[in-house]
$ cat input_14.txt   # compact mmCIF, C-alpha atoms and all ligand atoms
# COMPACT_ATOMS: atom_id res chain seq x y z
CA MET A 1 0.00 0.00 0.00
CA ARG A 2 1.72 3.11 -1.27
CA LEU A 3 0.79 5.41 1.61
CA LEU A 4 2.53 3.12 4.11
CA GLU A 5 5.55 2.85 1.80
CA ALA A 6 5.77 6.64 1.65
CA CYS A 7 5.53 6.92 5.46
CA HIS A 8 8.56 4.64 5.64
CA ARG A 9 10.34 6.64 2.92
CA ARG A 10 10.38 3.77 0.46
CA PRO A 11 9.86 4.18 -3.32
CA VAL A 12 6.27 4.24 -4.65
CA ASP A 13 4.70 3.83 -8.09
CA ALA A 14 2.74 7.10 -7.64
CA THR A 15 2.52 9.77 -4.93
CA PRO A 16 -0.08 8.71 -2.35
CA ILE A 17 -2.84 11.19 -1.53
CA TRP A 18 -5.46 11.49 1.18
CA LEU A 19 -7.21 14.68 2.30
CA MET A 20 -7.84 16.01 5.78
CA ARG A 21 -11.65 16.11 6.24
CA GLN A 22 -12.12 13.89 3.20
CA ALA A 23 -15.47 12.79 4.65
CA GLY A 24 -17.91 15.62 5.21
CA ARG A 25 -20.33 18.21 4.05
CA TYR A 26 -18.89 18.78 0.54
CA LEU A 27 -20.32 15.34 -0.35
CA PRO A 28 -24.09 15.22 -1.07
CA GLU A 29 -24.23 11.62 0.21
CA TYR A 30 -22.85 12.88 3.57
CA ARG A 31 -25.40 15.70 3.72
CA ALA A 32 -28.19 13.20 3.08
CA ILE A 33 -27.25 11.29 6.26
CA LYS A 34 -26.69 14.55 8.16
CA GLU A 35 -30.32 15.51 7.51
CA LYS A 36 -31.43 12.65 9.75
CA LEU A 37 -28.69 12.47 12.38
CA SER A 38 -26.56 14.94 14.31
CA PHE A 39 -22.80 14.82 13.89
CA ILE A 40 -22.36 13.14 17.29
CA GLU A 41 -25.06 10.58 16.53
CA MET A 42 -23.18 9.76 13.35
CA CYS A 43 -19.91 9.28 15.26
CA LYS A 44 -21.58 7.07 17.88
CA ASP A 45 -23.26 4.70 15.42
CA PRO A 46 -20.51 2.41 14.07
CA ALA A 47 -22.50 1.36 10.99
CA VAL A 48 -23.13 5.00 10.02
CA ALA A 49 -19.59 6.11 10.88
CA THR A 50 -18.24 3.27 8.74
CA GLU A 51 -20.45 4.23 5.82
CA VAL A 52 -19.37 7.88 6.05
CA THR A 53 -15.69 6.92 6.36
CA LEU A 54 -15.97 4.95 3.12
CA GLN A 55 -18.00 7.53 1.14
CA PRO A 56 -15.01 9.48 -0.23
CA LEU A 57 -13.21 6.24 -1.15
CA GLN A 58 -16.15 5.17 -3.28
CA ARG A 59 -15.83 8.34 -5.36
CA PHE A 60 -12.08 8.93 -5.48
CA GLU A 61 -8.98 6.73 -5.65
CA LEU A 62 -7.73 7.92 -2.27
CA ASP A 63 -4.76 6.11 -0.72
CA ALA A 64 -6.09 5.99 2.86
CA ALA A 65 -9.27 5.92 4.89
CA ILE A 66 -9.47 8.10 8.01
CA VAL A 67 -11.93 6.98 10.64
CA PHE A 68 -14.98 9.23 10.96
CA ALA A 69 -14.68 10.68 14.45
CA ASP A 70 -13.59 13.91 16.11
CA ILE A 71 -10.69 15.12 18.22
CA LEU A 72 -13.14 16.01 21.02
CA LEU A 73 -14.54 12.50 21.52
CA PRO A 74 -12.16 11.51 24.36
CA LEU A 75 -13.22 14.53 26.43
CA GLU A 76 -16.61 13.07 27.38
CA GLY A 77 -15.01 10.11 29.19
CA MET A 78 -12.57 12.49 30.89
CA GLY A 79 -15.57 14.19 32.49
CA ILE A 80 -15.56 17.20 30.17
CA GLY A 81 -18.88 17.28 28.34
CA PHE A 82 -19.22 19.02 24.97
CA ARG A 83 -21.77 19.55 22.25
CA PHE A 84 -21.77 20.74 18.66
CA SER A 85 -23.78 23.86 18.04
CA ARG A 86 -25.36 24.18 14.58
CA ASP A 87 -23.21 27.05 13.34
CA ASP A 88 -20.25 27.56 15.64
CA GLY A 89 -18.81 24.06 15.94
CA PRO A 90 -17.79 22.56 19.28
CA VAL A 91 -18.93 24.09 22.57
CA ILE A 92 -17.79 23.19 26.10
CA ASP A 93 -20.10 24.62 28.73
CA HIS A 94 -18.03 23.81 31.81
CA THR A 95 -14.63 25.21 30.91
CA VAL A 96 -11.46 24.57 32.93
CA ARG A 97 -9.92 27.84 34.09
CA SER A 98 -8.80 27.06 37.65
CA ALA A 99 -7.55 24.17 39.78
CA ALA A 100 -11.06 23.66 41.16
CA ASP A 101 -12.43 23.15 37.65
CA LEU A 102 -10.17 20.10 37.27
CA GLU A 103 -11.85 18.21 40.09
CA GLY A 104 -13.34 15.00 38.75
CA VAL A 105 -11.42 15.21 35.47
CA ARG A 106 -9.79 11.84 34.78
CA VAL A 107 -7.84 9.95 32.14
CA VAL A 108 -10.05 8.45 29.44
CA GLU A 109 -10.63 4.67 29.37
CA PRO A 110 -11.18 3.92 25.68
CA ALA A 111 -12.93 0.53 26.02
CA ARG A 112 -15.44 2.08 28.45
CA ASP A 113 -15.70 5.58 27.02
CA VAL A 114 -15.40 5.26 23.23
CA PRO A 115 -16.44 1.67 22.40
CA TYR A 116 -18.29 2.96 19.31
CA LEU A 117 -15.04 4.40 17.89
CA LEU A 118 -13.16 1.15 18.39
CA GLU A 119 -16.02 -0.77 16.76
CA THR A 120 -16.02 1.62 13.78
CA ILE A 121 -12.27 1.05 13.37
CA ARG A 122 -12.80 -2.72 13.36
CA LEU A 123 -15.59 -2.45 10.78
CA VAL A 124 -13.70 -0.07 8.47
CA ARG A 125 -10.53 -2.13 8.69
CA ALA A 126 -12.41 -5.22 7.52
CA GLU A 127 -13.74 -3.23 4.52
CA VAL A 128 -10.42 -1.70 3.42
CA GLU A 129 -8.18 -4.65 4.28
CA GLY A 130 -5.48 -5.12 1.64
CA LYS A 131 -6.62 -2.03 -0.32
CA VAL A 132 -5.74 1.10 1.64
CA PRO A 133 -4.54 1.67 5.20
CA LEU A 134 -6.80 3.07 7.91
CA ILE A 135 -5.71 6.23 9.73
CA GLY A 136 -6.68 6.76 13.38
CA PHE A 137 -6.22 10.19 14.95
CA ALA A 138 -6.31 12.41 18.01
CA GLY A 139 -5.91 16.07 18.83
CA ALA A 140 -2.60 17.13 20.37
CA PRO A 141 -2.63 18.27 24.00
CA PHE A 142 -2.53 22.01 23.29
CA THR A 143 -5.31 21.92 20.70
CA LEU A 144 -7.58 19.95 23.03
CA ALA A 145 -6.64 22.22 25.95
CA SER A 146 -7.59 25.24 23.86
CA TYR A 147 -11.16 23.90 23.54
CA VAL A 148 -11.34 22.86 27.19
CA VAL A 149 -10.23 26.29 28.41
CA GLU A 150 -11.74 28.61 25.78
CA GLY A 151 -15.01 26.68 25.55
CA ALA A 152 -15.18 27.07 21.77
CA HIS A 153 -13.13 27.99 18.77
CA SER A 154 -11.31 31.18 19.66
CA ARG A 155 -9.93 34.24 17.92
CA HIS A 156 -7.24 35.39 20.35
CA TYR A 157 -6.81 32.36 22.63
CA ALA A 158 -6.83 34.82 25.51
CA GLU A 159 -8.17 32.42 28.15
CA ILE A 160 -5.70 29.62 27.52
CA LYS A 161 -2.82 32.08 27.34
CA LYS A 162 -3.96 33.65 30.63
CA LEU A 163 -3.91 30.18 32.20
CA MET A 164 -0.48 29.37 30.73
CA TYR A 165 1.03 32.58 31.99
CA GLY A 166 -0.95 33.09 35.22
CA ASP A 167 -1.52 29.59 36.62
CA PRO A 168 1.12 27.33 35.05
CA GLN A 169 0.45 24.53 37.60
CA THR A 170 -3.18 24.14 36.56
CA TYR A 171 -2.21 24.42 32.90
CA ALA A 172 0.40 21.67 33.40
CA ARG A 173 -2.07 19.45 35.26
CA LEU A 174 -4.62 19.80 32.46
CA MET A 175 -1.94 19.09 29.82
CA ASP A 176 -0.83 16.00 31.81
CA LEU A 177 -4.38 14.62 31.91
CA LEU A 178 -4.87 15.27 28.21
CA THR A 179 -1.49 13.77 27.32
CA ASP A 180 -2.13 10.54 29.24
CA SER A 181 -5.59 10.32 27.69
CA ILE A 182 -4.37 10.88 24.13
CA VAL A 183 -1.71 8.16 24.46
CA VAL A 184 -4.18 5.48 25.61
CA TYR A 185 -6.79 6.70 23.11
CA LEU A 186 -4.32 6.28 20.24
CA GLN A 187 -3.07 2.94 21.56
CA ALA A 188 -6.64 1.64 21.66
CA GLN A 189 -7.18 2.75 18.04
CA VAL A 190 -4.11 0.79 16.92
CA GLU A 191 -5.25 -2.27 18.87
CA ALA A 192 -8.63 -1.99 17.11
CA GLY A 193 -6.96 -1.86 13.68
CA ALA A 194 -5.64 1.63 12.84
CA GLN A 195 -2.51 1.30 10.68
CA VAL A 196 -1.32 4.93 10.74
CA LEU A 197 -1.89 7.64 13.36
CA GLN A 198 -2.21 11.38 12.87
CA VAL A 199 -1.89 13.87 15.72
CA PHE A 200 -3.63 17.17 14.88
CA ASP A 201 -2.25 20.28 16.57
CA SER A 202 -4.68 22.53 14.77
CA TRP A 203 -4.36 25.72 16.79
CA VAL A 204 -0.66 26.05 17.79
CA GLY A 205 -0.35 28.75 15.13
CA CYS A 206 -1.53 31.23 17.79
CA LEU A 207 1.69 30.75 19.77
CA SER A 208 5.14 32.30 19.62
CA PRO A 209 8.04 29.86 19.19
CA TYR A 210 9.05 30.82 22.74
CA ASP A 211 5.75 29.59 24.19
CA TYR A 212 5.54 26.57 21.88
CA GLU A 213 8.97 25.37 23.01
CA ARG A 214 8.31 25.75 26.74
CA LEU A 215 4.59 25.14 27.11
CA VAL A 216 3.56 22.81 24.28
CA LEU A 217 6.51 20.85 22.92
CA PRO A 218 7.19 18.84 26.11
CA TRP A 219 3.64 17.43 26.13
CA SER A 220 3.43 16.87 22.36
CA ARG A 221 6.70 15.01 22.68
CA ARG A 222 5.26 12.79 25.41
CA VAL A 223 2.36 11.89 23.12
CA LEU A 224 4.50 11.27 20.04
CA HIS A 225 7.10 9.27 21.94
CA GLY A 226 4.35 7.46 23.85
CA VAL A 227 2.97 6.04 20.59
CA SER A 228 6.26 5.60 18.71
CA ASP A 229 6.63 1.92 19.58
CA LEU A 230 3.18 0.73 18.44
CA GLY A 231 4.51 -0.39 15.07
CA VAL A 232 2.55 2.17 13.03
CA PRO A 233 3.83 5.38 11.42
CA VAL A 234 2.78 8.61 13.12
CA ILE A 235 2.00 11.86 11.28
CA HIS A 236 2.50 15.03 13.32
CA PHE A 237 0.52 17.94 11.88
CA ALA A 238 1.02 21.30 13.58
CA ASN A 239 -1.17 23.75 11.69
CA GLY A 240 0.06 27.34 11.38
CA ALA A 241 3.49 26.32 12.64
CA SER A 242 5.54 26.70 9.47
CA SER A 243 7.59 29.42 11.21
CA MET A 244 8.76 26.90 13.83
CA LEU A 245 9.16 23.59 12.00
CA PRO A 246 12.44 22.66 13.75
CA LEU A 247 10.57 22.80 17.09
CA VAL A 248 7.68 20.74 15.67
CA ALA A 249 10.21 18.15 14.48
CA ARG A 250 11.75 18.05 17.95
CA ALA A 251 8.39 16.95 19.37
CA GLY A 252 8.49 13.86 17.12
CA GLY A 253 6.57 11.96 14.46
CA ASP A 254 7.70 9.90 11.46
CA VAL A 255 5.89 12.18 9.02
CA VAL A 256 5.62 15.94 9.50
CA GLY A 257 2.47 17.60 8.14
CA ILE A 258 3.07 20.98 6.48
CA ASP A 259 0.53 23.79 6.05
CA TRP A 260 0.49 25.93 2.89
CA HIS A 261 2.28 28.98 4.28
CA ILE A 262 5.67 27.61 3.31
CA ASP A 263 6.95 26.01 0.10
CA LEU A 264 7.25 22.24 0.47
CA ASP A 265 10.94 22.15 -0.56
CA GLU A 266 11.86 24.85 1.96
CA ALA A 267 9.95 23.02 4.72
CA TRP A 268 11.70 19.75 3.86
CA ARG A 269 15.10 21.50 3.83
CA GLN A 270 14.47 22.88 7.32
CA LEU A 271 13.40 19.47 8.62
CA ASP A 272 16.51 17.84 7.13
CA GLU A 273 18.67 20.26 9.09
CA THR A 274 17.20 19.51 12.51
CA ALA A 275 19.13 17.29 14.87
CA GLU A 276 16.15 14.91 15.13
CA SER A 277 16.07 14.26 11.38
CA PRO A 278 16.37 10.49 10.81
CA SER A 279 18.99 9.35 8.28
CA GLY A 280 17.43 10.14 4.92
CA GLY A 281 15.21 12.77 6.54
CA PHE A 282 11.60 12.94 7.70
CA ALA A 283 8.71 12.00 5.46
CA VAL A 284 6.47 15.01 4.79
CA GLN A 285 2.75 15.48 4.18
CA GLY A 286 1.20 18.39 2.34
CA ASN A 287 0.67 21.05 1.35
CA LEU A 288 -1.88 22.46 -1.11
CA ASP A 289 -3.95 25.43 0.07
CA PRO A 290 -7.40 23.86 0.69
CA ILE A 291 -9.10 26.87 -0.85
CA ALA A 292 -7.28 26.19 -4.13
CA LEU A 293 -9.91 23.46 -4.60
CA LEU A 294 -12.50 26.17 -5.24
CA GLY A 295 -10.69 27.29 -8.38
CA PRO A 296 -11.17 26.07 -11.95
CA GLY A 297 -9.90 22.52 -12.49
CA ALA A 298 -6.89 23.69 -14.51
CA GLU A 299 -5.81 25.93 -11.62
CA VAL A 300 -6.18 23.07 -9.14
CA GLU A 301 -3.78 21.11 -11.31
CA ALA A 302 -1.32 24.00 -11.68
CA ARG A 303 -1.10 24.42 -7.90
CA ALA A 304 -0.81 20.68 -7.30
CA ALA A 305 1.97 20.56 -9.91
CA ASP A 306 3.91 23.18 -7.98
CA VAL A 307 3.70 21.10 -4.79
CA LEU A 308 4.71 17.92 -6.63
CA ALA A 309 7.60 19.63 -8.42
CA ARG A 310 8.95 20.83 -5.07
CA ALA A 311 8.88 17.24 -3.76
CA ARG A 312 11.20 16.43 -6.71
CA GLY A 313 10.22 12.77 -6.66
CA ARG A 314 11.97 12.32 -3.33
CA VAL A 315 10.82 9.29 -1.32
CA GLY A 316 8.55 10.07 1.62
CA HIS A 317 6.00 12.53 0.20
CA LEU A 318 2.33 12.09 1.14
CA PHE A 319 0.21 14.54 -0.86
CA ASN A 320 -2.44 16.33 1.21
CA LEU A 321 -3.94 19.74 1.72
CA GLY A 322 -2.32 22.20 4.11
CA HIS A 323 -5.48 21.93 6.29
CA GLY A 324 -8.96 20.42 5.97
CA LEU A 325 -11.34 20.44 3.01
CA ILE A 326 -14.11 23.01 3.37
CA PRO A 327 -17.80 22.31 2.61
CA ALA A 328 -17.87 24.52 -0.53
CA VAL A 329 -15.40 22.34 -2.45
CA PRO A 330 -16.88 20.82 -5.65
CA PRO A 331 -16.38 17.02 -5.55
CA ASP A 332 -15.30 17.12 -9.23
CA ASN A 333 -12.25 19.17 -8.24
CA VAL A 334 -11.31 16.55 -5.65
CA LYS A 335 -11.47 13.88 -8.34
CA ARG A 336 -9.36 16.01 -10.64
CA LEU A 337 -6.76 16.55 -7.89
CA VAL A 338 -6.52 12.87 -6.92
CA ASP A 339 -6.18 11.73 -10.53
CA PHE A 340 -3.63 14.44 -11.29
CA VAL A 341 -1.44 13.51 -8.32
CA HIS A 342 -1.52 9.85 -9.31
CA GLY A 343 -0.63 10.73 -12.91
CA TRP A 344 2.48 12.68 -11.88
CA LYS A 345 5.67 10.83 -12.77
CA VAL A 346 7.68 10.10 -9.62
CA GLY A 347 11.38 9.30 -9.50
O1 LIG A 401 -10.84 13.86 8.06
C1 LIG A 401 -11.89 13.19 8.11
O2 LIG A 401 -12.62 13.02 7.12
C2 LIG A 401 -12.22 12.48 9.40
C3 LIG A 401 -13.12 13.18 10.22
C4 LIG A 401 -12.69 14.34 11.11
C5 LIG A 401 -13.66 15.20 11.67
N1 LIG A 401 -13.05 16.03 12.55
C6 LIG A 401 -15.10 15.16 11.37
C7 LIG A 401 -15.90 16.39 11.55
C8 LIG A 401 -11.46 14.74 11.61
C9 LIG A 401 -10.07 14.21 11.29
C10 LIG A 401 -11.69 15.79 12.54
C11 LIG A 401 -10.64 16.43 13.36
C12 LIG A 401 -10.94 17.71 14.01
N2 LIG A 401 -12.08 18.10 14.68
C13 LIG A 401 -10.00 18.75 14.15
C14 LIG A 401 -8.61 18.68 13.64
C15 LIG A 401 -8.56 18.91 12.18
C16 LIG A 401 -8.59 20.37 11.82
O3 LIG A 401 -9.51 20.75 11.06
O4 LIG A 401 -7.70 21.09 12.27
C17 LIG A 401 -10.62 19.81 14.84
C18 LIG A 401 -10.02 21.14 15.17
C19 LIG A 401 -11.93 19.37 15.18
C20 LIG A 401 -12.95 20.11 15.96
C21 LIG A 401 -14.14 20.37 15.15
N3 LIG A 401 -15.07 19.42 14.79
C22 LIG A 401 -14.58 21.61 14.63
C23 LIG A 401 -13.84 22.92 14.78
C24 LIG A 401 -15.79 21.38 13.98
C25 LIG A 401 -16.70 22.41 13.40
C26 LIG A 401 -16.17 22.99 12.17
C27 LIG A 401 -16.74 22.27 11.01
O5 LIG A 401 -15.97 21.95 10.09
O6 LIG A 401 -17.94 22.04 11.02
C28 LIG A 401 -16.05 19.99 14.04
C29 LIG A 401 -17.21 19.27 13.45
C30 LIG A 401 -16.86 18.21 12.46
N4 LIG A 401 -15.90 17.26 12.64
C31 LIG A 401 -17.53 17.96 11.24
C32 LIG A 401 -16.94 16.81 10.68
C33 LIG A 401 -17.33 16.11 9.41
C34 LIG A 401 -18.70 18.75 10.70
C35 LIG A 401 -19.94 18.19 11.29
C36 LIG A 401 -21.12 18.55 10.45
O7 LIG A 401 -21.44 17.80 9.51
O8 LIG A 401 -21.77 19.57 10.75

$ encode --input "input_14.txt" --output "structure tokens" --more "lines below"
Ligand code: CP3
Amino acid sequence: MRLLEACHRRPVDATPIWLMRQAGRYLPEYRAIKEKLSFIEMCKDPAVATEVTLQPLQRFELDAAIVFADILLPLEGMGIGFRFSRDDGPVIDHTVRSAADLEGVRVVEPARDVPYLLETIRLVRAEVEGKVPLIGFAGAPFTLASYVVEGAHSRHYAEIKKLMYGDPQTYARLMDLLTDSIVVYLQAQVEAGAQVLQVFDSWVGCLSPYDYERLVLPWSRRVLHGVSDLGVPVIHFANGASSMLPLVARAGGDVVGIDWHIDLDEAWRQLDETAESPSGGFAVQGNLDPIALLGPGAEVEARAADVLARARGRVGHLFNLGHGLIPAVPPDNVKRLVDFVHGWKVG
């Protein structure tokens, strides 16, 4: 399976491609299910979650399936309830902003708390066996902490920064609980059948390198090192962090995900120069601007060609977007992108 080969930096017959948020609202067959069920109901019903996971693979020749789930799912078992509001995404009503707010918060127990996710992984794995690998995922500690402290998606991240700067003990305690939870949550996904893991640090782009190094990297490192011996490759995607890639690499991962704010060749060059770079370098994932998919098909191809040319046929490139697909993307453009990437001559 060429995506696994690329993760291990071995030669491939064509560049593998999968897309963050490849299942979702841009697909009419997803919207049809969404009319009847809420997003959480979809996640919690393994038959539905399996169907939705497979929807994009039925349309496009994608090189991986990613389990239909969400980074917030482990929070419920930790004692931190959340809901999805219709327009604003995730909402946490009881935010953690002081030591007292952490009372009763515990490490997740996957078999007890997310049995539906593990069952979905088993079902999807049986469907894709021998065809494409299945990716399991989790949020990184900082990104989950940002939801737990802010209560929702945030513009300035003022509350979490106030906690980091003003009450570092409570911040550290929260990050410890999240870190321990994420490690067991990812382990359970591998035991259930996930063949690759991705850790999403979606919101670290709000931080200075100074704060990332001191207040995020140590915990991300604990997660990435905590899952490094499970026998599956791990993709570390720190969104908005192209100005601090050497620090991201220090946290770990076999594959480093790159957003679109840096050219792929320049990102790869920086990763090669870090002390942590394995012999032969890191594998990289990326990095087309997701909004490029709204353009005319010929422009989608021109931008994809630029990314592919910068990879120069080097082993270890997983084509992806620099962040997730948005609902307005025409499915025909996704097909055009996938076919174009596969048609590109590698090596
Ligand atoms: O990639 C995939 O196809 C797998 C499914 C997946 C979802 N969420 C489903 C989803 C994955 C990998 C995620 C990860 C996730 N969730 C992240 C990290 C990735 C990233 O974008 O940085 C984050 C930050 C979340 C939190 C989250 N979940 C937000 C901010 C939102 C609302 C925004 C939005 O796009 O609606 C969600 C809801 C969500 N998660 C949806 C889906 C398909 C939309 C639900 C709907 O149909 O209304």

$ atom_distance --input "input_14.txt" --atom1 "atom C14 of ligand LIG 401 (chain A)" --atom2 "CA of Asp70 in chain A"
7.3 Å

$ residues_near_point --input "input_14.txt" --point "(-9.7, 33.8, 18.2)" --cutoff "12 Å" --atoms "all atoms listed in the file" --output "mmCIF file with C-alpha atoms, in the coordinates of the input"
data_model
loop_
_atom_site.group_PDB
_atom_site.id
_atom_site.type_symbol
_atom_site.label_atom_id
_atom_site.label_comp_id
_atom_site.auth_asym_id
_atom_site.auth_seq_id
_atom_site.Cartn_x
_atom_site.Cartn_y
_atom_site.Cartn_z
ATOM 1 C CA SER A 146 -7.590 25.240 23.860
ATOM 2 C CA TYR A 147 -11.160 23.900 23.540
ATOM 3 C CA GLU A 150 -11.740 28.610 25.780
ATOM 4 C CA GLY A 151 -15.010 26.680 25.550
ATOM 5 C CA ALA A 152 -15.180 27.070 21.770
ATOM 6 C CA HIS A 153 -13.130 27.990 18.770
ATOM 7 C CA SER A 154 -11.310 31.180 19.660
ATOM 8 C CA ARG A 155 -9.930 34.240 17.920
ATOM 9 C CA HIS A 156 -7.240 35.390 20.350
ATOM 10 C CA TYR A 157 -6.810 32.360 22.630
ATOM 11 C CA ALA A 158 -6.830 34.820 25.510
ATOM 12 C CA GLU A 159 -8.170 32.420 28.150
ATOM 13 C CA ILE A 160 -5.700 29.620 27.520
ATOM 14 C CA LYS A 161 -2.820 32.080 27.340
ATOM 15 C CA TRP A 203 -4.360 25.720 16.790
ATOM 16 C CA VAL A 204 -0.660 26.050 17.790
ATOM 17 C CA GLY A 205 -0.350 28.750 15.130
ATOM 18 C CA CYS A 206 -1.530 31.230 17.790
ATOM 19 C CA LEU A 207 1.690 30.750 19.770
#

$ residues_around --input "input_14.txt" --residues "Asn333 in chain A" --least-positions-apart "5" --cutoff "8 Å" --atoms "only C-alpha atoms" --output "JSON, numbers by chain"
{"A": [293, 294, 296, 297, 300]}

$ residues_near_ligand --input "input_14.txt" --ligand "ligand LIG 401 (chain A)" --cutoff "6 Å" --atoms "only C-alpha atoms and all ligand atoms" --output "MDAnalysis selection string"
chainID A and resid 20:25 39 66:71 89:90 200 202 324

$ closest_residue --input "input_14.txt" --among "A:Leu62, A:Ile92, A:Ala47, A:Val183" --to "Arg2 in chain A" --atoms "all atoms listed in the file"
A:Leu62

$ closest_residue --input "input_14.txt" --among "A:Glu299, A:Tyr116, A:Tyr26, A:Val307" --to "Arg336 in chain A" --atoms "all atoms listed in the file"
A:Glu299

$ closest_residue --input "input_14.txt" --among "A:Leu3, A:Asp272, A:Arg112, A:Pro327" --to "Val132 in chain A" --atoms "all atoms listed in the file"
A:Leu3

$ closest_residue --input "input_14.txt" --among "A:Ile235, A:Val338, A:Ala194, A:Leu215" --to "Tyr165 in chain A" --atoms "all atoms listed in the file"
A:Leu215

$ atom_distance --input "input_14.txt" --atom1 "CA of Leu186 in chain A" --atom2 "CA of Ala172 in chain A"
20.8 Å

$ residues_near_point --input "input_14.txt" --point "(14.0, 23.7, 5.5)" --cutoff "12 Å" --atoms "only C-alpha atoms" --output "PyMOL selection string"
chain A and resi 242-246+249+258+262-274+277+281-282+284

$ atom_distance --input "input_14.txt" --atom1 "CA of Phe137 in chain A" --atom2 "CA of Ala99 in chain A"
28.5 Å

$ closest_residue --input "input_14.txt" --among "A:Val227, A:Val124, A:Leu163, A:Leu174" --to "Leu54 in chain A" --atoms "only C-alpha atoms"
A:Val124

$ closest_residue --input "input_14.txt" --among "A:Ala65, A:Val105, A:Ala100, A:Ala32" --to "Leu197 in chain A" --atoms "only C-alpha atoms"
A:Ala65

$ build_atoms --input "input_14.txt" --residues "range 195-209 of chain A" --atoms "N, CA and C atoms" --output "compact mmCIF listing (two decimals), keeping the file's coordinate frame"
# COMPACT_ATOMS: atom_id res chain seq x y z
N GLN A 195 -3.84 1.66 11.21
CA GLN A 195 -2.51 1.30 10.68
C GLN A 195 -1.57 2.50 10.57
N VAL A 196 -2.09 3.69 10.73
CA VAL A 196 -1.32 4.93 10.74
C VAL A 196 -2.02 5.81 11.77
N LEU A 197 -1.27 6.68 12.44
CA LEU A 197 -1.89 7.64 13.36
C LEU A 197 -1.56 9.06 12.91
N GLN A 198 -2.53 9.97 13.05
CA GLN A 198 -2.21 11.38 12.87
C GLN A 198 -2.57 12.14 14.13
N VAL A 199 -1.66 12.98 14.57
CA VAL A 199 -1.89 13.87 15.72
C VAL A 199 -2.09 15.27 15.15
N PHE A 200 -3.28 15.84 15.40
CA PHE A 200 -3.63 17.17 14.88
C PHE A 200 -3.35 18.22 15.95
N ASP A 201 -2.39 19.11 15.69
CA ASP A 201 -2.25 20.28 16.57
C ASP A 201 -2.75 21.49 15.79
N SER A 202 -4.05 21.60 15.71
CA SER A 202 -4.68 22.53 14.77
C SER A 202 -4.47 23.99 15.11
N TRP A 203 -4.32 24.30 16.41
CA TRP A 203 -4.36 25.72 16.79
C TRP A 203 -3.06 26.25 17.41
N VAL A 204 -1.94 25.54 17.25
CA VAL A 204 -0.66 26.05 17.79
C VAL A 204 -0.15 27.27 17.04
N GLY A 205 -0.77 27.56 15.89
CA GLY A 205 -0.35 28.75 15.13
C GLY A 205 -0.58 30.05 15.89
N CYS A 206 -1.31 30.00 17.01
CA CYS A 206 -1.53 31.23 17.79
C CYS A 206 -0.36 31.52 18.73
N LEU A 207 0.63 30.62 18.76
CA LEU A 207 1.69 30.75 19.77
C LEU A 207 3.00 31.27 19.18
N SER A 208 3.77 31.95 20.01
CA SER A 208 5.14 32.30 19.62
C SER A 208 6.00 31.04 19.73
N PRO A 209 7.12 31.00 19.00
CA PRO A 209 8.04 29.86 19.19
C PRO A 209 8.48 29.73 20.65
